[in-house]
Amino acid sequence: MTGRGGGKAVTEGVVESGFSGKRTAELVGITYRQLDYWARTDLIRPSLADAQGSGSRRAYSYQDLLELKVVKTLLDAGIRLEMVRDVFS
C-alpha cells in the first residue's frame, strides 16, 4: 500500500496485507469497541486473521472494510442491528 507522499510506503495499521482492527475502525468510521463487538457476535468476522485469545490480532481485508462500511451506512440510516444481521447471515 502506498501513500500519495512521493510514493512513500504506508504501513501504519496494515497487518500482513490486511488492516489492523484499529485502522479498520478508523477507515470505516466506527469505534474499535463497535468493531470488536461485531466480530465477537459474528456480524462481520475478519477474513484474514481472527483473534485467537488475549494478545492476538485480527486482520481485515479490503472486502471486509466494504462490508463494514455497508453495515455502518445501514445503521446510520436507521436500520436496526437485528435486521442488518439478517442481511449478512
# chains A, B, ... in the order shown; residues from 1 in each chain; ligands from 1
call {"tool": "residues_around", "arguments": {"residues": "Leu43 of chain A", "least_positions_apart": "6", "cutoff": "12 Å", "atoms": "only C-alpha atoms", "output": "list in words"}}
result
Gln34, Leu35, Asp36, Tyr37, Asp64, Glu67, Leu68, Val70, Val71, Lys72, Leu81, Glu82, Met83, Val84, Arg85, Asp86, Val87, Phe88 and Ser89 of chain A
call {"tool": "closest_residue", "arguments": {"among": "A:Gly29, A:Lys69, A:Lys22, A:Tyr60", "to": "Leu48 of chain A", "atoms": "only C-alpha atoms"}}
result
A:Tyr60
call {"tool": "atom_distance", "arguments": {"atom1": "atom CA of Leu74 of chain A", "atom2": "atom CA of Arg58 of chain A"}}
result
23.5 Å
call {"tool": "select_by_dssp", "arguments": {"residues": "segment 23-85 of chain A", "states": "helix (DSSP H, G or I)", "output": "ChimeraX atom specification"}}
result
/A:23-28,32-40,62-76,81-85
call {"tool": "closest_residue", "arguments": {"among": "A:Arg40, A:Arg33, A:Arg45, A:Arg23", "to": "Gln63 of chain A", "atoms": "only C-alpha atoms"}}
result
A:Arg45
call {"tool": "atom_distance", "arguments": {"atom1": "atom CA of Ile44 of chain A", "atom2": "atom CA of Asp76 of chain A"}}
result
16.8 Å
call {"tool": "select_by_dssp", "arguments": {"residues": "segment 12-47 of chain A", "states": "strand (DSSP E or B)", "output": "short mmCIF file (atom, residue, chain, number, x, y, z; two decimals) with N, CA and C atoms, in the first residue's frame"}}
result
data_model
loop_
_atom_site.label_atom_id
_atom_site.label_comp_id
_atom_site.auth_asym_id
_atom_site.auth_seq_id
_atom_site.Cartn_x
_atom_site.Cartn_y
_atom_site.Cartn_z
N VAL A 14 -1.51 -1.56 8.83
CA VAL A 14 -1.60 -2.66 7.88
C VAL A 14 -0.89 -3.87 8.47
N VAL A 15 -1.60 -4.99 8.52
CA VAL A 15 -1.06 -6.21 9.10
C VAL A 15 -0.99 -7.27 8.02
N GLY A 18 -3.21 -6.92 5.29
CA GLY A 18 -4.57 -6.65 5.78
C GLY A 18 -4.54 -5.42 6.66
N PHE A 19 -5.67 -5.11 7.24
CA PHE A 19 -5.79 -3.93 8.09
C PHE A 19 -6.01 -4.36 9.53
N SER A 20 -5.32 -3.71 10.45
CA SER A 20 -5.50 -3.99 11.87
C SER A 20 -6.89 -3.55 12.30
#
call {"tool": "atom_distance", "arguments": {"atom1": "atom CA of Leu65 of chain A", "atom2": "atom CA of Leu27 of chain A"}}
result
7.8 Å
